[in-house]
file my_file39.csv (CSV, C-alpha atoms and all ligand atoms)
chain,number,residue,atom,x,y,z
A,1,MET,CA,-106.9,22.7,-93.5
A,2,ARG,CA,-108.6,22.8,-90.1
A,3,GLU,CA,-110.3,19.5,-90.6
A,4,PHE,CA,-107.0,17.7,-91.0
A,5,GLY,CA,-105.6,18.1,-87.5
A,6,THR,CA,-102.7,15.8,-86.6
A,7,THR,CA,-102.0,12.6,-88.7
A,8,VAL,CA,-103.2,9.3,-87.2
A,9,PHE,CA,-99.6,8.1,-87.5
A,10,ALA,CA,-98.1,10.9,-85.3
A,11,THR,CA,-101.0,10.5,-82.8
A,12,MET,CA,-100.6,6.7,-82.6
A,13,THR,CA,-96.8,6.8,-82.4
A,14,ARG,CA,-97.1,9.3,-79.5
A,15,LEU,CA,-99.6,7.1,-77.8
A,16,ALA,CA,-97.1,4.1,-78.1
A,17,VAL,CA,-94.3,6.1,-76.6
A,18,GLU,CA,-96.5,7.5,-73.8
A,19,THR,CA,-97.8,4.1,-72.8
A,20,GLY,CA,-94.7,2.1,-73.5
A,21,SER,CA,-96.7,0.0,-76.0
A,22,ILE,CA,-95.3,-2.0,-79.0
A,23,ASN,CA,-95.9,0.2,-82.0
A,24,LEU,CA,-97.5,-1.8,-84.8
A,25,GLY,CA,-99.2,1.5,-85.9
A,26,GLN,CA,-97.0,3.8,-88.0
A,27,GLY,CA,-95.3,1.8,-90.8
A,28,PHE,CA,-91.5,2.0,-90.4
A,29,PRO,CA,-89.0,-0.8,-90.0
A,30,ASP,CA,-87.0,-1.3,-86.9
A,31,THR,CA,-83.9,-2.4,-88.7
A,32,ASP,CA,-81.6,-0.5,-91.0
A,33,GLY,CA,-81.2,-0.5,-94.8
A,34,PRO,CA,-78.2,-1.9,-96.7
A,35,GLU,CA,-75.0,-1.1,-94.9
A,36,ALA,CA,-73.0,-0.1,-98.0
A,37,MET,CA,-75.8,2.4,-99.0
A,38,LEU,CA,-75.7,4.0,-95.5
A,39,GLU,CA,-72.0,4.2,-95.9
A,40,ARG,CA,-72.4,6.1,-99.2
A,41,ALA,CA,-74.4,8.8,-97.4
A,42,VAL,CA,-71.8,9.1,-94.7
A,43,GLU,CA,-69.0,9.3,-97.3
A,44,ALA,CA,-71.0,11.9,-99.3
A,45,ILE,CA,-71.3,14.1,-96.2
A,46,ARG,CA,-67.6,13.7,-95.3
A,47,GLY,CA,-66.8,14.3,-99.0
A,48,GLY,CA,-68.5,17.7,-99.0
A,49,LEU,CA,-71.8,17.0,-100.8
A,50,ASN,CA,-73.5,19.4,-98.4
A,51,GLN,CA,-74.9,22.2,-100.5
A,52,TYR,CA,-78.1,22.5,-102.6
A,53,PRO,CA,-78.3,19.8,-105.1
A,54,PRO,CA,-79.8,20.8,-108.5
A,55,GLY,CA,-83.6,21.4,-108.4
A,56,PRO,CA,-84.6,18.3,-110.4
A,57,GLY,CA,-82.3,16.1,-108.3
A,58,ILE,CA,-78.7,15.1,-108.7
A,59,PRO,CA,-77.9,13.6,-112.1
A,60,GLU,CA,-76.8,10.2,-110.7
A,61,LEU,CA,-80.1,9.6,-109.0
A,62,ARG,CA,-82.2,10.7,-112.0
A,63,GLN,CA,-80.1,8.4,-114.1
A,64,ALA,CA,-80.5,5.5,-111.6
A,65,VAL,CA,-84.3,6.0,-111.4
A,66,SER,CA,-84.5,6.0,-115.2
A,67,GLU,CA,-82.6,2.8,-115.3
A,68,HIS,CA,-84.7,1.3,-112.6
A,69,GLN,CA,-87.9,2.0,-114.6
A,70,LYS,CA,-86.3,0.6,-117.8
A,71,ASP,CA,-84.8,-2.5,-116.3
A,72,GLY,CA,-87.7,-3.4,-114.0
A,73,TYR,CA,-90.7,-2.4,-116.2
A,74,GLY,CA,-89.4,-1.6,-119.7
A,75,LEU,CA,-90.5,2.1,-119.3
A,76,ASP,CA,-88.3,4.7,-120.9
A,77,TYR,CA,-87.9,8.1,-119.1
A,78,ASP,CA,-85.3,10.7,-120.0
A,79,PRO,CA,-83.3,11.4,-116.8
A,80,ASP,CA,-83.1,15.1,-118.1
A,81,GLY,CA,-86.7,16.2,-118.0
A,82,GLU,CA,-88.8,13.2,-117.3
A,83,VAL,CA,-87.5,12.3,-113.8
A,84,LEU,CA,-87.8,14.7,-110.8
A,85,VAL,CA,-86.4,14.0,-107.4
A,86,THR,CA,-88.7,15.0,-104.5
A,87,VAL,CA,-88.9,15.1,-100.7
A,88,GLY,CA,-90.3,11.6,-100.4
A,89,ALA,CA,-93.4,10.4,-102.2
A,90,THR,CA,-95.4,12.8,-100.0
A,91,GLU,CA,-94.0,15.9,-101.7
A,92,ALA,CA,-94.3,14.3,-105.0
A,93,ILE,CA,-98.0,13.6,-104.5
A,94,ALA,CA,-98.7,17.1,-103.1
A,95,ALA,CA,-96.8,18.9,-105.9
A,96,THR,CA,-98.4,16.7,-108.6
A,97,VAL,CA,-102.0,17.4,-107.4
A,98,LEU,CA,-101.2,21.1,-106.9
A,99,ALA,CA,-99.7,21.3,-110.4
A,100,LEU,CA,-102.3,19.4,-112.3
A,101,CYS,CA,-105.6,20.1,-110.5
A,102,GLU,CA,-107.5,23.4,-110.6
A,103,PRO,CA,-110.0,24.5,-107.8
A,104,GLY,CA,-113.2,22.6,-108.4
A,105,ASP,CA,-111.6,19.7,-110.3
A,106,GLU,CA,-112.4,16.3,-109.0
A,107,VAL,CA,-109.9,13.6,-108.1
A,108,ILE,CA,-110.9,10.0,-107.7
A,109,VAL,CA,-109.4,8.1,-104.8
A,110,PHE,CA,-109.9,4.5,-103.7
A,111,GLU,CA,-111.0,4.5,-100.0
A,112,PRO,CA,-109.5,3.6,-97.7
A,113,TYR,CA,-106.9,6.1,-98.9
A,114,TYR,CA,-103.5,7.2,-97.6
A,115,ASP,CA,-104.1,10.3,-95.5
A,116,SER,CA,-101.9,12.7,-97.5
A,117,TYR,CA,-104.1,12.3,-100.6
A,118,ALA,CA,-107.1,14.1,-99.0
A,119,ALA,CA,-104.8,16.9,-97.7
A,120,ALA,CA,-103.1,17.4,-101.1
A,121,ILE,CA,-106.5,17.5,-102.9
A,122,ALA,CA,-107.8,20.0,-100.3
A,123,LEU,CA,-104.7,22.2,-100.7
A,124,ALA,CA,-105.4,22.4,-104.4
A,125,GLY,CA,-109.0,23.4,-103.8
A,126,ALA,CA,-110.1,20.3,-105.7
A,127,ALA,CA,-112.6,17.7,-104.5
A,128,ARG,CA,-112.0,14.1,-103.7
A,129,VAL,CA,-114.4,11.5,-105.0
A,130,PRO,CA,-114.0,8.3,-103.1
A,131,VAL,CA,-114.6,4.9,-104.6
A,132,PRO,CA,-114.7,2.2,-101.9
A,133,LEU,CA,-112.6,-0.9,-101.9
A,134,ARG,CA,-114.7,-3.7,-100.5
A,135,VAL,CA,-113.7,-7.1,-99.3
A,136,ASP,CA,-114.3,-9.9,-101.8
A,137,ALA,CA,-112.9,-13.4,-101.5
A,138,GLY,CA,-110.6,-12.3,-98.7
A,139,ARG,CA,-109.1,-9.2,-100.3
A,140,PHE,CA,-110.0,-5.6,-100.8
A,141,THR,CA,-111.0,-4.7,-104.4
A,142,PHE,CA,-113.2,-2.3,-106.3
A,143,ASP,CA,-116.3,-2.7,-108.5
A,144,PRO,CA,-115.4,-1.4,-112.0
A,145,GLY,CA,-118.9,-0.2,-112.4
A,146,GLU,CA,-118.7,1.9,-109.2
A,147,LEU,CA,-115.4,3.3,-110.4
A,148,ALA,CA,-116.9,4.3,-113.8
A,149,ALA,CA,-119.8,5.9,-112.1
A,150,ALA,CA,-117.5,8.1,-110.1
A,151,VAL,CA,-116.2,9.9,-113.3
A,152,GLY,CA,-118.0,13.2,-114.0
A,153,PRO,CA,-117.4,16.3,-116.2
A,154,ARG,CA,-115.0,17.8,-113.6
A,155,THR,CA,-112.9,14.6,-113.0
A,156,ARG,CA,-109.3,15.5,-113.7
A,157,ALA,CA,-107.3,12.7,-112.2
A,158,ILE,CA,-107.4,9.4,-110.5
A,159,LEU,CA,-105.0,8.6,-107.7
A,160,VAL,CA,-104.0,4.9,-107.7
A,161,ASN,CA,-101.9,3.3,-104.9
A,162,SER,CA,-100.8,-0.3,-105.5
A,163,PRO,CA,-99.5,-2.1,-103.5
A,164,HIS,CA,-102.1,-0.5,-101.4
A,165,ASN,CA,-101.8,1.0,-98.0
A,166,PRO,CA,-103.7,0.3,-95.7
A,167,THR,CA,-105.2,-2.8,-97.1
A,168,GLY,CA,-102.2,-4.8,-98.5
A,169,THR,CA,-104.1,-5.3,-101.8
A,170,VAL,CA,-102.0,-5.4,-105.0
A,171,PHE,CA,-104.1,-4.6,-108.0
A,172,THR,CA,-104.3,-7.3,-110.6
A,173,ARG,CA,-103.7,-6.9,-114.4
A,174,GLU,CA,-107.4,-6.9,-115.0
A,175,GLU,CA,-108.1,-4.3,-112.3
A,176,LEU,CA,-105.4,-2.0,-113.6
A,177,ALA,CA,-106.6,-2.5,-117.2
A,178,SER,CA,-110.0,-1.3,-116.2
A,179,ILE,CA,-108.6,1.8,-114.6
A,180,ALA,CA,-106.4,2.4,-117.7
A,181,ARG,CA,-109.5,2.1,-120.0
A,182,LEU,CA,-111.4,4.6,-118.0
A,183,CYS,CA,-108.5,7.1,-118.0
A,184,GLU,CA,-108.2,6.8,-121.8
A,185,GLU,CA,-112.0,7.0,-122.3
A,186,HIS,CA,-112.3,10.2,-120.2
A,187,ASP,CA,-108.9,11.7,-120.8
A,188,LEU,CA,-107.9,11.5,-117.1
A,189,ILE,CA,-104.5,11.8,-115.6
A,190,ALA,CA,-103.4,8.9,-113.5
A,191,ILE,CA,-101.2,9.7,-110.5
A,192,THR,CA,-99.8,6.4,-109.2
A,193,ASP,CA,-98.3,5.9,-105.7
A,194,GLU,CA,-95.9,3.0,-106.0
A,195,VAL,CA,-93.9,3.3,-102.8
A,196,TYR,CA,-94.4,-0.4,-102.0
A,197,GLU,CA,-93.5,-1.5,-105.6
A,198,HIS,CA,-90.8,-3.9,-104.3
A,199,LEU,CA,-92.8,-5.2,-101.3
A,200,THR,CA,-95.1,-7.8,-102.8
A,201,PHE,CA,-95.3,-11.4,-101.6
A,202,ASP,CA,-96.2,-14.9,-102.8
A,203,GLY,CA,-95.0,-14.2,-106.4
A,204,VAL,CA,-97.6,-11.4,-106.8
A,205,GLU,CA,-96.3,-9.0,-109.4
A,206,HIS,CA,-96.4,-5.2,-109.1
A,207,LEU,CA,-97.5,-3.7,-112.4
A,208,PRO,CA,-97.0,0.0,-113.0
A,209,LEU,CA,-100.1,1.6,-114.5
A,210,ALA,CA,-97.8,3.4,-117.0
A,211,THR,CA,-97.0,0.1,-118.7
A,212,PHE,CA,-100.6,-0.3,-119.9
A,213,PRO,CA,-101.5,0.8,-123.4
A,214,GLY,CA,-101.9,4.5,-123.8
A,215,MET,CA,-101.0,5.2,-120.2
A,216,ARG,CA,-97.4,6.3,-120.2
A,217,GLU,CA,-98.3,9.7,-121.6
A,218,ARG,CA,-101.0,10.3,-119.0
A,219,THR,CA,-99.5,8.9,-115.9
A,220,VAL,CA,-97.4,10.5,-113.2
A,221,THR,CA,-95.6,7.6,-111.6
A,222,ILE,CA,-94.4,8.3,-108.0
A,223,SER,CA,-92.2,6.2,-105.8
A,224,SER,CA,-89.6,6.6,-103.1
A,225,ALA,CA,-86.6,5.0,-101.3
A,226,GLY,CA,-88.1,4.8,-97.8
A,227,LYS,CA,-89.9,1.4,-98.1
A,228,THR,CA,-87.6,-0.2,-100.7
A,229,PHE,CA,-84.5,0.4,-98.6
A,230,SER,CA,-85.8,0.7,-95.1
A,231,VAL,CA,-84.9,4.4,-94.8
A,232,THR,CA,-88.2,6.1,-94.2
A,233,GLY,CA,-86.4,9.0,-92.5
A,234,TRP,CA,-84.4,9.9,-95.6
A,235,LYS,CA,-87.4,11.1,-97.6
A,236,ILE,CA,-86.0,10.7,-101.0
A,237,GLY,CA,-88.8,10.3,-103.6
A,238,TRP,CA,-89.2,10.7,-107.3
A,239,VAL,CA,-91.7,11.4,-110.1
A,240,CYS,CA,-91.5,9.9,-113.6
A,241,ALA,CA,-93.8,11.3,-116.3
A,242,PRO,CA,-93.7,13.0,-119.7
A,243,TYR,CA,-91.8,16.3,-120.0
A,244,THR,CA,-94.8,18.6,-119.8
A,245,LEU,CA,-96.2,16.9,-116.7
A,246,VAL,CA,-92.8,16.8,-114.9
A,247,SER,CA,-92.2,20.5,-115.7
A,248,ALA,CA,-95.6,21.4,-114.2
A,249,VAL,CA,-94.8,19.4,-111.1
A,250,GLN,CA,-91.3,20.9,-110.8
A,251,ALA,CA,-92.8,24.4,-111.1
A,252,VAL,CA,-94.7,23.7,-107.9
A,253,LYS,CA,-92.0,21.6,-106.1
A,254,GLN,CA,-89.4,24.4,-106.5
A,255,PHE,CA,-91.5,26.7,-104.3
A,256,MET,CA,-92.3,24.0,-101.7
A,257,THR,CA,-88.8,22.9,-101.0
A,258,PHE,CA,-86.7,23.7,-104.1
A,259,THR,CA,-84.4,20.7,-103.3
A,260,SER,CA,-83.2,18.6,-100.5
A,261,GLY,CA,-81.0,15.8,-99.2
A,262,ALA,CA,-77.9,15.8,-101.4
A,263,PRO,CA,-76.0,13.1,-99.6
A,264,TRP,CA,-79.1,10.8,-99.4
A,265,GLN,CA,-79.8,11.3,-103.1
A,266,LEU,CA,-76.4,10.0,-103.9
A,267,ALA,CA,-76.7,7.1,-101.6
A,268,VAL,CA,-80.2,6.1,-103.0
A,269,ALA,CA,-78.6,6.2,-106.5
A,270,TYR,CA,-76.1,3.7,-105.2
A,271,GLY,CA,-78.9,1.6,-103.7
A,272,LEU,CA,-80.9,1.5,-106.9
A,273,ARG,CA,-77.9,0.3,-108.8
A,274,HIS,CA,-76.2,-2.0,-106.4
A,275,GLU,CA,-78.6,-3.1,-103.7
A,276,MET,CA,-81.5,-4.8,-105.5
A,277,GLU,CA,-80.4,-8.2,-104.1
A,278,TRP,CA,-80.7,-6.7,-100.6
A,279,VAL,CA,-84.2,-5.6,-101.6
A,280,ALA,CA,-85.1,-9.1,-102.8
A,281,ALA,CA,-83.9,-10.6,-99.4
A,282,GLN,CA,-85.9,-7.9,-97.6
A,283,ARG,CA,-89.0,-8.9,-99.5
A,284,ALA,CA,-88.6,-12.5,-98.5
A,285,SER,CA,-88.0,-11.5,-94.9
A,286,LEU,CA,-91.1,-9.2,-94.9
A,287,SER,CA,-93.2,-12.0,-96.4
A,288,ALA,CA,-92.1,-14.3,-93.5
A,289,LYS,CA,-93.0,-11.5,-91.0
A,290,ARG,CA,-96.4,-11.1,-92.6
A,291,ASP,CA,-97.0,-14.8,-92.0
A,292,ARG,CA,-95.7,-14.6,-88.5
A,293,LEU,CA,-98.0,-11.7,-87.5
A,294,ALA,CA,-101.0,-13.2,-89.4
A,295,ALA,CA,-100.6,-16.5,-87.6
A,296,GLY,CA,-100.2,-14.7,-84.3
A,297,LEU,CA,-103.2,-12.4,-84.8
A,298,ALA,CA,-105.3,-15.5,-85.8
A,299,SER,CA,-104.2,-17.3,-82.7
A,300,SER,CA,-105.2,-14.2,-80.7
A,301,GLY,CA,-108.7,-14.5,-82.1
A,302,PHE,CA,-108.7,-11.9,-85.0
A,303,GLU,CA,-109.9,-12.8,-88.4
A,304,VAL,CA,-107.0,-11.9,-90.7
A,305,LEU,CA,-107.2,-10.8,-94.3
A,306,ARG,CA,-104.5,-11.8,-96.7
A,307,SER,CA,-101.9,-9.1,-97.5
A,308,ALA,CA,-100.2,-9.4,-100.9
A,309,GLY,CA,-97.9,-6.5,-100.3
A,310,THR,CA,-96.8,-3.4,-98.2
A,311,TYR,CA,-96.0,-3.4,-94.5
A,312,PHE,CA,-99.6,-4.0,-93.4
A,313,ILE,CA,-102.2,-6.5,-92.6
A,314,GLN,CA,-105.9,-6.0,-91.9
A,315,ALA,CA,-107.6,-7.7,-89.0
A,316,ASP,CA,-111.3,-7.9,-88.5
A,317,ILE,CA,-112.1,-7.3,-84.8
A,318,ARG,CA,-115.6,-8.6,-84.8
A,319,SER,CA,-114.5,-12.1,-84.0
A,320,LEU,CA,-113.2,-10.6,-80.7
A,321,GLY,CA,-116.5,-9.1,-79.9
A,322,PHE,CA,-115.7,-5.5,-81.0
A,323,ASP,CA,-117.2,-3.5,-83.8
A,324,ASP,CA,-115.6,-0.1,-83.7
A,325,GLY,CA,-111.9,0.0,-84.6
A,326,LEU,CA,-111.4,3.5,-83.4
A,327,ALA,CA,-112.6,2.7,-79.9
A,328,PHE,CA,-110.7,-0.6,-80.0
A,329,THR,CA,-107.4,1.0,-81.0
A,330,ARG,CA,-107.8,3.7,-78.3
A,331,GLN,CA,-108.2,1.0,-75.6
A,332,LEU,CA,-105.5,-1.3,-77.0
A,333,PRO,CA,-102.5,0.3,-75.4
A,334,GLU,CA,-104.1,0.0,-71.9
A,335,ARG,CA,-105.6,-3.4,-72.5
A,336,ALA,CA,-102.7,-5.1,-74.3
A,337,GLY,CA,-99.7,-2.7,-74.6
A,338,VAL,CA,-99.9,-2.6,-78.4
A,339,VAL,CA,-100.7,0.2,-80.8
A,340,ALA,CA,-102.5,-0.3,-84.1
A,341,ILE,CA,-104.2,2.0,-86.6
A,342,PRO,CA,-108.0,2.1,-87.0
A,343,THR,CA,-108.7,1.6,-90.7
A,344,GLN,CA,-111.8,3.8,-90.6
A,345,VAL,CA,-109.6,7.0,-90.4
A,346,PHE,CA,-108.7,6.4,-94.1
A,347,TYR,CA,-112.3,6.7,-95.3
A,348,ASP,CA,-114.9,9.3,-96.2
A,349,HIS,CA,-117.4,6.6,-95.1
A,350,PRO,CA,-115.8,5.4,-91.8
A,351,GLU,CA,-118.6,2.8,-91.4
A,352,TYR,CA,-117.1,0.8,-94.3
A,353,GLY,CA,-113.9,0.4,-92.4
A,354,ALA,CA,-115.1,0.3,-88.8
A,355,ARG,CA,-114.5,-3.4,-88.2
A,356,TYR,CA,-110.9,-3.4,-89.4
A,357,VAL,CA,-107.6,-2.5,-87.8
A,358,ARG,CA,-104.3,-2.2,-89.5
A,359,PHE,CA,-101.2,-3.8,-88.0
A,360,ALA,CA,-97.7,-3.2,-89.3
A,361,PHE,CA,-95.4,-6.3,-89.6
A,362,CYS,CA,-92.2,-4.5,-90.6
A,363,LYS,CA,-90.7,-5.3,-87.2
A,364,ARG,CA,-88.1,-7.7,-85.7
A,365,ASP,CA,-89.5,-11.1,-85.1
A,366,GLU,CA,-89.1,-10.8,-81.3
A,367,VAL,CA,-91.1,-7.6,-81.4
A,368,ILE,CA,-93.9,-9.3,-83.4
A,369,ASP,CA,-93.9,-12.3,-81.0
A,370,GLU,CA,-94.1,-10.0,-78.0
A,371,ALA,CA,-96.9,-8.1,-79.5
A,372,VAL,CA,-98.8,-11.3,-80.2
A,373,ASP,CA,-98.2,-12.5,-76.7
A,374,ARG,CA,-99.7,-9.3,-75.4
A,375,LEU,CA,-102.7,-9.4,-77.8
A,376,LYS,CA,-103.5,-12.9,-76.4
A,377,ARG,CA,-104.6,-11.0,-73.2
A,378,LEU,CA,-107.7,-9.8,-75.2
B,1,LIG,N1,-97.7,6.7,-100.0
B,1,LIG,C1,-98.0,5.7,-99.2
B,1,LIG,C2,-99.1,4.7,-99.6
B,1,LIG,C3,-97.4,5.5,-98.0
B,1,LIG,O1,-97.6,4.5,-97.2
B,1,LIG,C4,-96.4,6.4,-97.6
B,1,LIG,C5,-95.7,6.4,-96.3
B,1,LIG,N2,-94.9,5.5,-96.2
B,1,LIG,C6,-96.1,7.5,-98.5
B,1,LIG,C7,-96.8,7.6,-99.6
B,1,LIG,C8,-95.1,8.5,-98.1
B,1,LIG,O2,-93.9,8.2,-98.6
B,1,LIG,P1,-92.6,9.1,-98.3
B,1,LIG,O3,-92.2,8.7,-96.9
B,1,LIG,O4,-91.6,8.7,-99.3
B,1,LIG,O5,-92.9,10.5,-98.4
B,2,LIG,N1,-96.7,5.6,-94.4
B,2,LIG,C1,-96.7,5.3,-93.1
B,2,LIG,C2,-97.9,4.5,-92.7
B,2,LIG,O1,-98.8,4.4,-93.4
B,2,LIG,C3,-96.7,6.6,-92.2
B,2,LIG,C4,-96.0,7.8,-92.7
B,2,LIG,C5,-96.4,9.0,-91.8
B,2,LIG,O2,-96.2,8.9,-90.6
B,2,LIG,N2,-96.9,10.0,-92.4
B,2,LIG,O3,-97.9,4.0,-91.6

call {"tool": "encode", "arguments": {"input": "my_file39.csv", "output": "structure tokens", "more": "lines below"}}
Ligand code: PMP
Ligand code: GLN
result
Amino acid sequence: MREFGTTVFATMTRLAVETGSINLGQGFPDTDGPEAMLERAVEAIRGGLNQYPPGPGIPELRQAVSEHQKDGYGLDYDPDGEVLVTVGATEAIAATVLALCEPGDEVIVFEPYYDSYAAAIALAGAARVPVPLRVDAGRFTFDPGELAAAVGPRTRAILVNSPHNPTGTVFTREELASIARLCEEHDLIAITDEVYEHLTFDGVEHLPLATFPGMRERTVTISSAGKTFSVTGWKIGWVCAPYTLVSAVQAVKQFMTFTSGAPWQLAVAYGLRHEMEWVAAQRASLSAKRDRLAAGLASSGFEVLRSAGTYFIQADIRSLGFDDGLAFTRQLPERAGVVAIPTQVFYDHPEYGARYVRFAFCKRDEVIDEAVDRLKRL
């Protein structure tokens, strides 16, 4: 694991703290989740829910996740055996890759990819095969031919993240259908990271890959509460998949953490059942924040790409006379008192992402405005 070092998020957050900069790097909101849901966690602690919850997760949460998949997407998962609660999506991803990939297997990822994918694949002794997302008509997308060409005899799985961090792309029905066809044709497992499933804008719809024909039986669907309810520190995630896949993932998960977070599990079950209106309001608020930051970045001289979902926006720095996002973000705290993430760190081919920088807009309006004022110094 030597090549992995410290995550870019930890590094950049430390830089923000050290330099007193505004942190538009690591994606976490600076306001709290729904009050009644927070209260449920407090009550659960005071009520004595402080010992190990069951390995697969407390029944209330597995039931609530199952209902969420059914009500939102028409997907049926048995809460007893097809739903597994994890320590955030991060553990779910790692446990799934470890459970389903043998040393030497290949896992396809779209680059730029979320950093933990590369680490999970390396832990399994598998190899990542990156397929680039390229900018076309103002959004990052892939070439289906390039994706098909990435499949080989050792390909075991494809990791699909939509809405996509760090680009803000939400895959369309056609894009997902082409992934689904490939999975069927080559008998691949799809591992989907849907942590931003509720954070899509402008009426863009999130479509779980498991809803496509033939996909439910070969898809491990992963999500978590962190982004949906603005509780990234709670680390409550889940896996939905057919029995055999879930039991394989659980076999690994039980030796990583066994279980965690009993009071938060109960609170998230409450959130999924009673706070979806709050989530809708949050989506509207985030959409306005995206517009606010996009307009601010544009007025500071960046060329801004359209983000259809997530917490993030991509800005092209060439219009400001820079061409290396890594150097740019290293200087940014000193030059402007703002921290951002260089997109190139999410690539095997950093040159593809060198001109882009990721800014997070999940912040209070006054924080966004202050960051924009500071960026005007550039
Ligand atoms: N996947 C993506 C795409 C993410 O952006 C994040 C971080 N927010 C995670 C997974 C990790 O989720 P969690 O905090 O639930 O472990
Ligand atoms: N998902 C968050 C982001 O992309 C960071 C999570 C982390 O710090 N590992 O910014």

call {"tool": "residues_near_ligand", "arguments": {"input": "my_file39.csv", "ligand": "ligand LIG 1 (chain B)", "cutoff": "6 Å", "atoms": "only C-alpha atoms and all ligand atoms", "output": "number ranges by chain"}}
result
A: 88-90, 114, 165, 193, 195, 224, 226, 232, 235, 237

call {"tool": "closest_residue", "arguments": {"input": "my_file39.csv", "among": "A:Leu100, A:Val83, A:Ala126, A:Leu326", "to": "A:Arg218", "atoms": "all atoms listed in the file"}}
result
A:Leu100

call {"tool": "atom_distance", "arguments": {"input": "my_file39.csv", "atom1": "atom CA of A:Met37", "atom2": "atom C5 of ligand LIG 2 (chain B)"}}
result
22.8 Å

call {"tool": "atom_distance", "arguments": {"input": "my_file39.csv", "atom1": "atom CA of A:Ala44", "atom2": "atom CA of A:Ala269"}}
result
11.9 Å

call {"tool": "closest_residue", "arguments": {"input": "my_file39.csv", "among": "A:Tyr243, A:Tyr196, A:Trp238, A:Phe302", "to": "A:Gly168", "atoms": "all atoms listed in the file"}}
result
A:Tyr196

call {"tool": "closest_residue", "arguments": {"input": "my_file39.csv", "among": "A:Phe110, A:Tyr117, A:Phe140, A:Phe258", "to": "ligand LIG 2 (chain B)", "atoms": "only C-alpha atoms and all ligand atoms"}}
result
A:Tyr117

call {"tool": "residues_near_ligand", "arguments": {"input": "my_file39.csv", "ligand": "ligand LIG 2 (chain B)", "cutoff": "9 Å", "atoms": "all atoms listed in the file", "output": "PyMOL selection string"}}
result
chain A and resi 7-10+13+24-28+90+114-116+165-166+227+232+311-312+341+360

call {"tool": "residues_around", "arguments": {"input": "my_file39.csv", "residues": "stretch 15-17 of chain A", "least_positions_apart": "6", "cutoff": "9 Å", "atoms": "only C-alpha atoms", "output": "JSON, numbers by chain"}}
result
{"A": [23, 24, 25, 330, 333, 337, 338, 339]}

call {"tool": "write_last_selection", "arguments": {"input": "my_file39.csv", "atoms": "C-alpha atoms", "output": "PDB file, in the frame of the given file"}}
result
ATOM      1  CA  ASN A  23     -95.900   0.200 -82.000  1.00  0.00           C
ATOM      2  CA  LEU A  24     -97.500  -1.800 -84.800  1.00  0.00           C
ATOM      3  CA  GLY A  25     -99.200   1.500 -85.900  1.00  0.00           C
ATOM      4  CA  ARG A 330    -107.800   3.700 -78.300  1.00  0.00           C
ATOM      5  CA  PRO A 333    -102.500   0.300 -75.400  1.00  0.00           C
ATOM      6  CA  GLY A 337     -99.700  -2.700 -74.600  1.00  0.00           C
ATOM      7  CA  VAL A 338     -99.900  -2.600 -78.400  1.00  0.00           C
ATOM      8  CA  VAL A 339    -100.700   0.200 -80.800  1.00  0.00           C
TER       9      VAL A 339
END

call {"tool": "closest_residue", "arguments": {"input": "my_file39.csv", "among": "A:Pro54, A:Glu185, A:Gln63, A:Gly5", "to": "A:Gln254", "atoms": "all atoms listed in the file"}}
result
A:Pro54

call {"tool": "atom_distance", "arguments": {"input": "my_file39.csv", "atom1": "atom CA of A:Gly20", "atom2": "atom CA of A:Phe229"}}
result
27.1 Å

call {"tool": "closest_residue", "arguments": {"input": "my_file39.csv", "among": "A:Thr244, A:Thr155, A:Thr11, A:Thr192", "to": "A:Pro342", "atoms": "all atoms listed in the file"}}
result
A:Thr11

call {"tool": "residues_around", "arguments": {"input": "my_file39.csv", "residues": "A:Thr172", "least_positions_apart": "6", "cutoff": "9 Å", "atoms": "all atoms listed in the file", "output": "MDAnalysis selection string"}}
result
chainID A and resid 204:207

call {"tool": "residues_near_point", "arguments": {"input": "my_file39.csv", "point": "(-83.0, 2.2, -106.5)", "cutoff": "10 Å", "atoms": "all atoms listed in the file", "output": "ChimeraX atom specification"}}
result
/A:61,64-69,224-225,228-229,267-276,279

call {"tool": "closest_residue", "arguments": {"input": "my_file39.csv", "among": "A:Ser162, A:Ser21, A:Thr86, A:Thr31", "to": "A:Thr329", "atoms": "all atoms listed in the file"}}
result
A:Ser21

call {"tool": "residues_around", "arguments": {"input": "my_file39.csv", "residues": "A:Ile189", "least_positions_apart": "5", "cutoff": "9 Å", "atoms": "all atoms listed in the file", "output": "VMD selection string"}}
result
chain A and resid 100 156 to 159 183 to 184 215 217 to 220

call {"tool": "residues_around", "arguments": {"input": "my_file39.csv", "residues": "A:Ala124", "least_positions_apart": "6", "cutoff": "10 Å", "atoms": "all atoms listed in the file", "output": "PyMOL selection string"}}
result
chain A and resi 94-105

call {"tool": "residues_around", "arguments": {"input": "my_file39.csv", "residues": "A:Ala354", "least_positions_apart": "3", "cutoff": "9 Å", "atoms": "all atoms listed in the file", "output": "PDB file with C-alpha atoms, keeping the file's coordinate frame"}}
result
ATOM      1  CA  ASP A 323    -117.200  -3.500 -83.800  1.00  0.00           C
ATOM      2  CA  ASP A 324    -115.600  -0.100 -83.700  1.00  0.00           C
ATOM      3  CA  GLY A 325    -111.900   0.000 -84.600  1.00  0.00           C
ATOM      4  CA  LEU A 326    -111.400   3.500 -83.400  1.00  0.00           C
ATOM      5  CA  PRO A 342    -108.000   2.100 -87.000  1.00  0.00           C
ATOM      6  CA  THR A 343    -108.700   1.600 -90.700  1.00  0.00           C
ATOM      7  CA  GLN A 344    -111.800   3.800 -90.600  1.00  0.00           C
ATOM      8  CA  VAL A 345    -109.600   7.000 -90.400  1.00  0.00           C
ATOM      9  CA  PRO A 350    -115.800   5.400 -91.800  1.00  0.00           C
ATOM     10  CA  GLU A 351    -118.600   2.800 -91.400  1.00  0.00           C
ATOM     11  CA  VAL A 357    -107.600  -2.500 -87.800  1.00  0.00           C
TER      12      VAL A 357
END
